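One file, entry-v1.txt, is given below (compact mmCIF, C-alpha atoms).
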# COMPACT_ATOMS: atom_id res chain seq x y z
CA MET D 72 -160.35 186.22 17.19
CA ARG D 73 -158.08 188.91 15.78
CA ALA D 74 -154.64 187.91 14.55
CA ALA D 75 -151.71 188.93 12.37
CA TYR D 76 -151.61 186.28 9.67
CA ILE D 77 -150.59 185.50 6.10
CA GLU D 78 -152.29 183.64 3.28
CA GLU D 79 -149.12 183.33 1.19
CA LEU D 80 -145.36 183.64 1.68
CA GLY D 81 -143.85 186.94 0.68
CA ALA D 82 -142.78 190.42 1.74
CA ALA D 83 -143.94 192.09 4.94
CA ASP D 84 -146.99 193.52 3.24
CA VAL D 85 -148.54 190.05 2.91
CA ILE D 86 -149.31 190.18 6.64
CA ARG D 87 -152.97 190.87 7.33
CA TYR D 88 -154.61 191.86 10.61
CA GLY D 89 -158.18 190.76 11.12
CA GLU D 90 -160.59 188.07 12.22
CA ILE D 91 -159.82 184.39 11.79
CA ALA D 92 -161.20 181.27 13.46
CA ALA D 93 -160.10 180.79 17.06
CA PRO D 94 -157.98 177.66 17.67
CA ARG D 95 -159.03 174.73 19.81
CA PRO D 96 -156.63 172.78 22.04
CA GLY D 97 -156.01 169.06 21.66
CA PRO D 98 -155.72 166.64 24.58
CA THR D 99 -152.16 167.65 25.46
CA ASP D 100 -152.47 171.32 24.49
CA VAL D 101 -153.16 174.53 26.36
CA LEU D 102 -155.30 177.39 25.02
CA VAL D 103 -153.67 180.70 25.98
CA ASP D 104 -155.18 184.18 26.01
CA VAL D 105 -152.26 186.15 24.58
CA LEU D 106 -151.20 189.32 26.36
CA ALA D 107 -148.23 190.14 24.15
CA THR D 108 -145.97 188.77 21.44
CA THR D 109 -142.89 190.12 19.69
CA VAL D 110 -141.10 189.91 16.34
CA ASN D 111 -137.78 188.14 15.76
CA PRO D 112 -135.65 188.13 12.60
CA VAL D 113 -136.46 184.45 12.17
CA ASP D 114 -140.16 185.37 11.97
CA THR D 115 -139.36 187.37 8.84
CA PHE D 116 -137.48 184.36 7.45
CA VAL D 117 -140.51 182.11 7.94
CA ARG D 118 -142.92 184.68 6.49
CA SER D 119 -140.77 185.22 3.40
CA GLY D 120 -139.94 181.56 2.84
CA LEU D 121 -136.21 181.99 3.48
CA PHE D 122 -136.50 179.48 6.34
CA PRO D 123 -138.47 176.55 4.88
CA THR D 124 -140.96 175.09 7.35
CA PRO D 125 -144.45 173.59 7.11
CA VAL D 126 -147.06 176.37 6.89
CA ASP D 127 -150.84 175.95 6.83
CA PHE D 128 -152.76 178.99 5.58
CA PRO D 129 -154.10 181.18 7.02
CA PHE D 130 -150.88 181.15 9.01
CA VAL D 131 -150.51 183.21 12.20
CA VAL D 132 -147.00 184.67 12.42
CA GLY D 133 -144.76 184.91 15.47
CA ARG D 134 -142.79 182.75 17.89
CA ASP D 135 -143.15 184.21 21.34
CA LEU D 136 -146.00 184.93 23.70
CA VAL D 137 -146.84 185.77 27.26
CA GLY D 138 -150.42 185.17 28.31
CA THR D 139 -152.84 183.48 30.69
CA VAL D 140 -154.20 179.96 30.46
CA ALA D 141 -157.79 179.93 29.22
CA GLU D 142 -158.22 176.16 29.02
CA ALA D 143 -156.00 173.08 29.36
CA GLY D 144 -156.55 169.75 27.65
CA PRO D 145 -156.97 166.66 29.87
CA GLY D 146 -153.42 165.56 29.15
CA ALA D 147 -151.88 169.00 29.75
CA THR D 148 -151.21 168.35 33.38
CA GLY D 149 -149.81 171.09 35.57
CA PHE D 150 -151.68 173.99 33.95
CA ARG D 151 -154.96 175.53 34.97
CA ALA D 152 -157.03 178.52 33.94
CA GLY D 153 -155.54 181.82 35.05
CA ASP D 154 -151.89 180.70 35.13
CA ARG D 155 -149.52 183.30 33.66
CA VAL D 156 -147.36 181.51 31.06
CA TRP D 157 -144.95 181.99 28.17
CA CYS D 158 -143.75 180.21 25.06
CA ASN D 159 -141.02 180.87 22.49
CA SER D 160 -141.43 178.14 19.87
CA LEU D 161 -144.63 178.74 17.95
CA GLY D 162 -144.93 179.79 14.30
CA HIS D 163 -142.80 177.07 12.68
CA GLY D 164 -142.57 173.29 12.39
CA GLY D 165 -146.27 173.08 11.53
CA ARG D 166 -147.32 175.10 14.60
CA GLN D 167 -149.47 178.20 14.22
CA GLY D 168 -147.95 181.41 15.55
CA ALA D 169 -148.35 183.65 18.56
CA ALA D 170 -149.51 186.95 17.02
CA ALA D 171 -153.16 186.49 17.90
CA GLU D 172 -155.60 187.01 20.73
CA GLN D 173 -155.48 183.27 21.44
CA ALA D 174 -152.96 180.56 20.70
CA VAL D 175 -152.72 176.82 21.23
CA VAL D 176 -149.47 175.63 22.80
CA ALA D 177 -148.35 172.06 23.40
CA ALA D 178 -147.94 171.57 27.14
CA ASP D 179 -144.27 170.57 26.78
CA ARG D 180 -143.51 173.94 25.13
CA LEU D 181 -145.26 176.11 27.71
CA TYR D 182 -143.68 177.51 30.88
CA ARG D 183 -144.94 179.43 33.88
CA LEU D 184 -143.96 183.07 34.20
CA PRO D 185 -142.46 183.81 37.62
CA ALA D 186 -144.66 185.87 39.91
CA GLY D 187 -144.09 189.60 39.72
CA VAL D 188 -142.32 189.58 36.33
CA ASP D 189 -143.58 192.16 33.84
CA PRO D 190 -145.03 190.22 30.88
CA TYR D 191 -143.81 192.80 28.35
CA ALA D 192 -140.27 192.64 29.73
CA ALA D 193 -140.40 188.84 29.67
CA VAL D 194 -141.69 188.39 26.12
CA ALA D 195 -138.93 190.70 24.87
CA VAL D 196 -136.18 188.33 26.02
CA VAL D 197 -137.48 184.76 25.84
CA HIS D 198 -136.39 184.08 22.25
CA PRO D 199 -132.93 185.71 22.17
CA ALA D 200 -132.11 184.48 25.67
CA ALA D 201 -133.10 180.88 24.94
CA THR D 202 -131.00 181.09 21.78
CA ALA D 203 -128.07 182.29 23.87
CA TYR D 204 -128.50 179.53 26.46
CA LEU D 205 -128.54 176.74 23.89
CA ALA D 206 -125.63 178.22 21.94
CA LEU D 207 -123.51 178.46 25.08
CA PHE D 208 -124.32 175.32 26.98
CA VAL D 209 -125.77 172.74 24.57
CA HIS D 210 -123.84 173.45 21.38
CA GLY D 211 -120.90 175.42 22.78
CA ARG D 212 -120.36 173.15 25.82
CA LEU D 213 -119.21 176.11 27.93
CA ARG D 214 -117.32 175.31 31.12
CA MET D 215 -116.42 177.51 34.07
CA GLY D 216 -113.16 179.39 33.66
CA GLU D 217 -113.13 179.35 29.86
CA THR D 218 -112.60 182.41 27.66
CA VAL D 219 -115.55 183.31 25.46
CA LEU D 220 -115.60 185.72 22.53
CA VAL D 221 -119.01 187.20 21.67
CA SER D 222 -119.17 189.08 18.37
CA GLY D 223 -122.12 191.45 18.17
CA ALA D 224 -122.32 191.59 21.95
CA ALA D 225 -124.63 194.62 22.11
CA GLY D 226 -127.45 192.91 20.20
CA HIS D 227 -130.37 191.00 21.65
CA VAL D 228 -128.76 187.55 21.51
CA GLY D 229 -125.27 188.95 22.08
CA SER D 230 -126.18 190.71 25.32
CA ALA D 231 -127.84 187.56 26.62
CA LEU D 232 -124.72 185.57 25.71
CA VAL D 233 -122.53 187.97 27.69
CA THR D 234 -124.86 187.91 30.70
CA MET D 235 -125.12 184.13 30.83
CA ALA D 236 -121.46 183.41 30.13
CA VAL D 237 -120.33 185.79 32.87
CA ARG D 238 -122.74 184.23 35.36
CA ALA D 239 -121.41 180.79 34.39
CA GLY D 240 -117.90 181.82 35.41
CA ALA D 241 -116.43 182.53 31.98
CA ARG D 242 -114.14 185.40 31.01
CA VAL D 243 -115.99 187.22 28.26
CA LEU D 244 -114.41 189.25 25.48
CA ALA D 245 -116.80 191.19 23.27
CA THR D 246 -116.89 192.99 19.95
CA ALA D 247 -119.38 195.79 19.34
CA GLY D 248 -119.57 199.34 18.05
CA SER D 249 -117.52 201.78 20.11
CA GLN D 250 -120.70 203.51 21.27
CA ASP D 251 -121.94 200.22 22.75
CA ALA D 252 -118.78 199.39 24.72
CA PRO D 253 -120.05 200.84 28.04
CA TYR D 254 -123.23 198.75 27.77
CA CYS D 255 -121.22 195.57 27.19
CA VAL D 256 -119.01 196.37 30.18
CA ARG D 257 -122.11 196.80 32.36
CA LEU D 258 -123.20 193.34 31.26
CA GLY D 259 -119.90 191.96 32.54
CA ALA D 260 -117.59 191.81 29.53
CA ALA D 261 -113.95 191.89 30.62
CA GLU D 262 -112.83 193.71 27.45
CA VAL D 263 -114.73 195.19 24.51
CA PHE D 264 -113.22 195.72 21.05
CA ASP D 265 -114.54 197.93 18.27
CA TYR D 266 -115.53 195.60 15.46
CA ARG D 267 -114.37 198.24 12.95
CA ASP D 268 -110.80 198.23 14.29
CA PRO D 269 -108.45 197.17 11.46
CA ASP D 270 -106.28 195.36 14.05
CA LEU D 271 -109.25 193.60 15.68
CA THR D 272 -107.77 190.12 15.35
CA GLY D 273 -104.44 191.23 16.79
CA LYS D 274 -106.04 192.91 19.77
CA ILE D 275 -108.18 189.89 20.56
CA ARG D 276 -105.10 187.67 20.33
CA GLY D 277 -103.31 190.01 22.73
CA ALA D 278 -106.18 189.82 25.21
CA ALA D 279 -106.32 186.01 25.02
CA PRO D 280 -102.78 184.76 24.33
CA SER D 281 -103.76 181.22 25.30
CA GLY D 282 -106.62 181.27 22.83
CA ILE D 283 -110.41 181.54 22.78
CA ASP D 284 -112.28 178.51 24.08
CA LEU D 285 -115.64 179.42 22.58
CA HIS D 286 -116.53 181.94 19.89
CA LEU D 287 -120.10 182.97 19.04
CA ASP D 288 -120.73 185.34 16.14
CA THR D 289 -124.23 186.82 16.36
CA ALA D 290 -123.37 189.34 13.63
CA GLY D 291 -123.06 186.61 11.02
CA VAL D 292 -119.66 187.65 9.70
CA ASN D 293 -118.34 184.08 9.98
CA ASP D 294 -114.71 184.86 9.14
CA LEU D 295 -113.48 181.37 9.94
CA GLN D 296 -109.99 182.03 8.63
CA SER D 297 -109.43 184.60 11.40
CA THR D 298 -111.63 183.01 14.04
CA VAL D 299 -110.18 179.50 13.92
CA GLY D 300 -106.69 180.96 14.26
CA LEU D 301 -107.75 182.61 17.54
CA LEU D 302 -109.01 179.40 19.11
CA ALA D 303 -107.33 177.50 21.91
CA ARG D 304 -106.76 173.79 21.52
CA ARG D 305 -110.21 172.17 21.54
CA GLY D 306 -111.75 175.58 20.98
CA ARG D 307 -115.22 175.73 19.48
CA VAL D 308 -117.03 178.04 17.07
CA VAL D 309 -120.84 178.14 17.10
CA LEU D 310 -122.30 179.53 13.86
CA MET D 311 -125.70 181.09 14.54
CA ALA D 312 -126.21 183.83 11.92
CA GLY D 313 -125.20 184.78 8.39
CA ALA D 314 -127.21 182.37 6.23
CA GLY D 315 -125.72 183.78 3.04
CA THR D 316 -122.05 183.62 4.05
CA ARG D 317 -119.66 181.20 2.33
CA PRO D 318 -116.45 181.33 4.41
CA ALA D 319 -113.28 179.41 3.63
CA LEU D 320 -112.74 176.52 6.03
CA PRO D 321 -109.19 176.21 7.42
CA ALA D 322 -109.43 172.45 7.79
CA GLY D 323 -105.84 171.85 8.88
CA ALA D 324 -105.99 174.37 11.72
CA LEU D 325 -109.19 172.68 12.89
CA TYR D 326 -108.28 169.02 12.92
CA MET D 327 -104.65 169.46 14.00
CA ASN D 328 -105.79 171.29 17.15
CA ASP D 329 -108.97 169.36 17.99
CA ARG D 330 -111.01 172.45 17.18
CA SER D 331 -114.59 172.36 15.93
CA VAL D 332 -117.23 174.40 14.13
CA VAL D 333 -120.92 173.68 14.67
CA GLY D 334 -124.05 175.28 13.28
CA PHE D 335 -127.10 176.03 15.39
CA VAL D 336 -130.61 177.43 15.02
CA ILE D 337 -133.10 177.36 17.87
CA SER D 338 -135.80 176.19 15.46
CA HIS D 339 -134.34 172.68 15.67
CA ALA D 340 -134.14 172.58 19.46
CA THR D 341 -135.96 169.72 21.14
CA SER D 342 -138.72 170.35 23.67
CA GLY D 343 -136.36 169.06 26.34
CA GLU D 344 -133.64 171.53 25.36
CA LEU D 345 -136.15 174.38 25.31
CA ALA D 346 -137.40 173.41 28.77
CA GLU D 347 -133.82 173.39 30.07
CA ALA D 348 -133.31 176.87 28.67
CA ALA D 349 -136.63 178.02 30.11
CA ALA D 350 -135.59 177.04 33.63
CA CYS D 351 -132.51 179.25 33.34
CA LEU D 352 -134.48 182.11 31.81
CA ASN D 353 -137.12 182.04 34.54
CA ASP D 354 -134.41 182.24 37.18
CA LEU D 355 -132.71 185.19 35.48
CA VAL D 356 -135.86 187.22 34.76
CA ALA D 357 -137.12 186.64 38.30
CA GLN D 358 -133.85 188.11 39.59
CA GLY D 359 -134.04 191.03 37.17
CA ALA D 360 -130.73 189.89 35.66
CA LEU D 361 -132.00 189.58 32.11
CA ARG D 362 -133.73 192.49 30.39
CA ALA D 363 -134.00 193.90 26.90
CA ARG D 364 -131.97 197.06 26.40
CA SER D 365 -134.99 198.96 25.07
CA ILE D 366 -138.63 198.00 24.45
CA GLU D 367 -141.13 199.62 22.12
CA VAL D 368 -144.74 198.61 22.85
CA LEU D 369 -147.11 198.63 19.86
CA PRO D 370 -150.54 197.20 19.05
CA LEU D 371 -150.80 193.77 17.45
CA SER D 372 -152.08 195.44 14.29
CA ALA D 373 -148.56 196.87 13.74
CA ALA D 374 -147.09 193.43 12.96
CA ALA D 375 -146.56 194.07 9.23
CA ASP D 376 -144.86 197.39 9.90
CA VAL D 377 -142.54 195.85 12.50
CA HIS D 378 -141.56 193.05 10.11
CA ALA D 379 -140.65 195.67 7.51
CA ARG D 380 -138.68 197.75 10.03
CA ILE D 381 -136.66 194.72 11.12
CA GLU D 382 -135.80 193.92 7.50
CA ARG D 383 -134.69 197.52 6.99
CA GLY D 384 -132.47 197.34 10.08
CA GLU D 385 -134.39 200.01 11.96
CA LEU D 386 -134.81 198.26 15.32
CA ARG D 387 -131.19 197.77 16.35
CA GLY D 388 -130.97 197.78 20.12
CA ARG D 389 -134.75 197.76 20.54
CA ARG D 390 -137.35 195.03 20.86
CA ALA D 391 -140.84 195.60 19.50
CA VAL D 392 -143.50 194.11 21.76
CA LEU D 393 -146.97 193.73 20.25
CA ARG D 394 -149.82 193.83 22.73
CA THR D 395 -153.30 192.46 22.25
CA ASP D 396 -156.37 194.20 23.62
CA ARG D 397 -156.31 191.61 26.39
CA ALA D 398 -153.21 193.29 27.82
CA PRO D 399 -153.73 196.54 29.73
CA LEU D 400 -151.03 199.03 28.77
CA ALA D 401 -150.39 199.74 32.44
CA GLU D 402 -148.64 196.37 32.70
CA GLY D 403 -145.88 197.43 30.31
CA PRO D 404 -142.60 199.14 31.12
CA ARG D 405 -142.46 202.91 31.23
Would you mind writing the file out in structure tokens?
Amino acid sequence: MRAAYIEELGAADVIRYGEIAAPRPGPTDVLVDVLATTVNPVDTFVRSGLFPTPVDFPFVVGRDLVGTVAEAGPGATGFRAGDRVWCNSLGHGGRQGAAAEQAVVAADRLYRLPAGVDPYAAVAVVHPAATAYLALFVHGRLRMGETVLVSGAAGHVGSALVTMAVRAGARVLATAGSQDAPYCVRLGAAEVFDYRDPDLTGKIRGAAPSGIDLHLDTAGVNDLQSTVGLLARRGRVVLMAGAGTRPALPAGALYMNDRSVVGFVISHATSGELAEAAACLNDLVAQGALRARSIEVLPLSAAADVHARIERGELRGRRAVLRTDRAPLAEGPR
């Protein structure tokens, strides 16, 4: 089969596109004919070695796929050939990736795609949206009626955070570039603040005088000195970006107000947590309530170029979807 793979860790140009041996499913696995995959920032971290994880070479890159079941192992109950499915947790933890014509997926990490959902539209959201779900509800413990602050709300994860928090009955405040404010409002944000505003902290405090219950910073700024001071009693901060940041920790303001800071990456999510997120995602994509802002469809052979473009910051606001030859272009969005 053809795949985008690496034989060593390194820069984007270590990615090769060519023939490698096709995988075979184990007893509880499903062999999937891949229609499309995508590229996430974390895929570049795995490829470069920034995110340490077991890697067997040749290593197929990529987390996410949408495809059709080719074959199910005897213990992979509930799946049969021809089922349209998706996954968002390949390519790390010793698992080969999704950027190939075929992939093996453990049955407990594979989910059915709702009928009528465009596979390209789906694969563009399954990773950022699952990240958003787990950040909000598993690690952030969001409850109805709370006030949520989403920093970087116009991004892929940020927009999913806004969408889900609003639908869960939260009041959402957002920070983004001024040009992205209308988009955030359409998603349901009650107020949007320009992240460049020198009085940003003061304006957020004015909009939430009783404090922020949950803050999620997808931009990775991690200014805990300012953020913790904005929290309500028992307010929470979920750190989910900014691996190189070293913020000062205002310990007194945390423990004297029952506040907390927790770190989270989806790579450590359990299969049960991922399945919980998948149920929510399937409901939202079936309703058309969760879509990428912009999708660029490219051939699978463009994987190395897309990795490089992500690292150069050239895909802001867009998701690159990589199609295999198994996927007719007519299925993609116009």
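The space separating atom CA of D:Ala391 from atom CA of D:Leu369 comes to 7.0 Å.
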Original post:
With only C-alpha atoms as the atoms that count, which of D:Leu220, D:Ala363, D:Ile86, D:Val209 lies nearest to D:Leu345?
Top reply: D:Val209
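Taking atom CA of D:Thr139 and atom CA of D:Tyr182 as the two end points, the separation is 10.9 Å.
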Subject >> Pairwise distance for atom CA of D:Leu310 and atom CA of D:Val113, rounded to one decimal in Å >> reply: 15.1 Å
**OP:** Find, counting all atoms listed in the file, the residue in D:Glu382, D:Asp84, D:Asp288, D:Glu262 that gets nearest to D:Asp114.
**Re:**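 Of D:Glu382, D:Asp84, D:Asp288, D:Glu262, the one nearest D:Asp114 is D:Glu382, counting all atoms listed in the file.
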Subject >> Nearby residues (all atoms listed in the file) at most 7 Å from D:Glu142, same-chain spacing under 3 positions excluded, as JSON, numbers by chain >> reply: {"D": [101, 102, 151, 152]}
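Proximity to D:Gly165 at 8 Å, evaluated using all atoms listed in the file and with sequence-adjacent residues fewer than 6 positions away removed, yields Thr124, Pro125, Val126 and Asp127 of chain D.
Omitting D:Ala225 and its sequence neighbours fewer than 3 positions away, and counting only C-alpha atoms, the residues within 9 Å are D:Ser222, D:Val228, D:Gly229, D:Ser230, D:Ala231, D:Val233, D:Ala245, D:Thr246, D:Ala247, D:Gly248, D:Asp251, D:Ala252, D:Tyr254, D:Cys255, D:Arg364, D:Gly388.
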**OP:** Tell me which protein, DNA and RNA residues are within 8 Å of D:Ser160, counting only C-alpha atoms, leaving out same-chain ones fewer than 2 positions away, and put them as a list in words.
**Re:**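 Counting only the stated atoms, we get Arg134, Asp135, Cys158, Gly162, His163, Arg180 and Ser338 of chain D.
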Please return the centre and edge lengths, in Å to one decimal, of a box with edges along x, y and z that contains all listed atoms of stretch 228-235 of chain D, widened by 3 Å on every side, as AutoDock Vina command-line options.
--center_x -125.6 --center_y 187.4 --center_z 26.2 --size_x 12.2 --size_y 12.6 --size_z 15.3
Point (-129.2, 177.0, 23.7), cut-off 10 Å, counting only C-alpha atoms, residues as a compact mmCIF listing (two decimals) with C-alpha atoms, in the frame of the given file:
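What follows is the written file selection_4.txt:
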# COMPACT_ATOMS: atom_id res chain seq x y z
CA PRO D 199 -132.93 185.71 22.17
CA ALA D 200 -132.11 184.48 25.67
CA ALA D 201 -133.10 180.88 24.94
CA THR D 202 -131.00 181.09 21.78
CA ALA D 203 -128.07 182.29 23.87
CA TYR D 204 -128.50 179.53 26.46
CA LEU D 205 -128.54 176.74 23.89
CA ALA D 206 -125.63 178.22 21.94
CA LEU D 207 -123.51 178.46 25.08
CA PHE D 208 -124.32 175.32 26.98
CA VAL D 209 -125.77 172.74 24.57
CA HIS D 210 -123.84 173.45 21.38
CA GLY D 211 -120.90 175.42 22.78
CA ARG D 212 -120.36 173.15 25.82
CA LEU D 232 -124.72 185.57 25.71
CA PHE D 335 -127.10 176.03 15.39
CA VAL D 336 -130.61 177.43 15.02
CA ILE D 337 -133.10 177.36 17.87
CA ALA D 340 -134.14 172.58 19.46
CA GLU D 344 -133.64 171.53 25.36
CA LEU D 345 -136.15 174.38 25.31
CA GLU D 347 -133.82 173.39 30.07
CA ALA D 348 -133.31 176.87 28.67
CA ALA D 349 -136.63 178.02 30.11
